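J.: Here's a structure for you.
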Amino acid sequence: MGTVCLFESIIDLIEQLTLQGYGLGIVTSKTKDEFAHDFSPFGIDGYFKIVVCADDTDEHKPAPAPLIKYTELANCTKNELLYIGDSAYDMECAMRAGIDFALAGWGANKELKSPVSFATPNEVLKWLNE
């Protein structure tokens with residue numbers, strides 16, 4: 001059995017985004033139970049105010065429903081969001097929802113291409129602060 005760990009610099013990124021006033025959330029294909037089992041042990045749940053899991057919507061990625069649900073829960077507009085994901089399903093979900101997308105290249109299939117792509121978590125901060 002493999003070990004699950006956080007990507008290098010991810011905690012720094014999350015802390016910096018929070019300090020800079022960005023609201024953080026998660027849209028995942030995991031169920032609530034899977035999310036709790038796989039994610040909560042890292043102790044970073046408190047940074048994410050909204051989590052949309054597979055059991056929160058009838059349709060799932062790549063359908064736009066999970067991201068639309070997120071905008072409703074966050075009480076924000078689509079143009080206030082940047083969805084950072086690592087799969088073709090994430091990218092298609094964002095595109096179909098009309099939400100800007102950036103590829104988390106540190107965890108993505110290397111053949112997946114996106115107009116905005118970050119090789120490391122640190123590149124997210126550089127891009128946002130340009």
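Quick note on naming: the chains in the structure tokens go A, B, ... in the order shown, residues restart at 1 in each chain, and ligands are numbered from 1 in order of appearance.
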Determine, using only C-alpha atoms, which residues of region 10-81 of chain A have any atom at most 8 Å from an atom of region 105-129 of chain A, and tabulate each with its shortest atom pair and distance in Å to one decimal place, rows ordered by chain and then rising number, as CSV.
T.:
```
residue,atom,partner,partner_atom,distance
A:Ile10,CA,A:Pro121,CA,6.0
A:Leu13,CA,A:Pro121,CA,6.2
A:Gln16,CA,A:Leu125,CA,7.9
A:Leu17,CA,A:Leu125,CA,7.6
```
J.: Please provide the set of residues having any atom within 12 Å of Ala65 (chain A), restricted to only C-alpha atoms, with same-chain residues fewer than 2 positions apart removed, written as a PyMOL selection string.
T.: chain A and resi 27-29+52-63+67-72+90+92-99
J.: As an NGL selection string, please: every residue in chain A that a backbone DSSP assignment puts in alpha helix (DSSP H).
T.: :A and (10-19 or 32-38 or 65-74 or 88-97 or 121-128)
J.: Would you mind reading off the distance between CA of Ser87 (chain A) and CA of Ala36 (chain A), one decimal, in Å?
T.: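 Between CA of Ser87 (chain A) and CA of Ala36 (chain A) the gap is 21.0 Å.
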J.: Step one, run DSSP on the backbone; step two, keep only residues of region 59-93 of chain A assigned to strand (DSSP E); then write them as a ChimeraX atom specification.
T.: /A:82-85
J.: With C-alpha atoms kept, could you save the residues just selected as a CSV table (one decimal), in the first residue's frame?
T.:
```
chain,number,residue,atom,x,y,z
A,82,LEU,CA,-9.9,30.3,-10.2
A,83,TYR,CA,-10.2,26.6,-10.2
A,84,ILE,CA,-6.8,24.9,-9.9
A,85,GLY,CA,-7.0,21.2,-10.8
```
J.: Taking into account only C-alpha atoms, which residue in the set A:Leu81, A:Ala104, A:Ile50, A:Met91 is nearest to Pro64 (chain A)?
T.: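 Closest candidate: A:Met91.
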J.: Would you compute the distance between CA of Asp33 (chain A) and CA of Ala102 (chain A)? Give it in Å to one decimal.
T.: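 These atoms are spaced 26.9 Å apart.
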J.: Suppose you want the space between CA of Asp86 (chain A) and CA of Leu103 (chain A); what is it in Å?
T.: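 Interatomic distance here is 5.6 Å.
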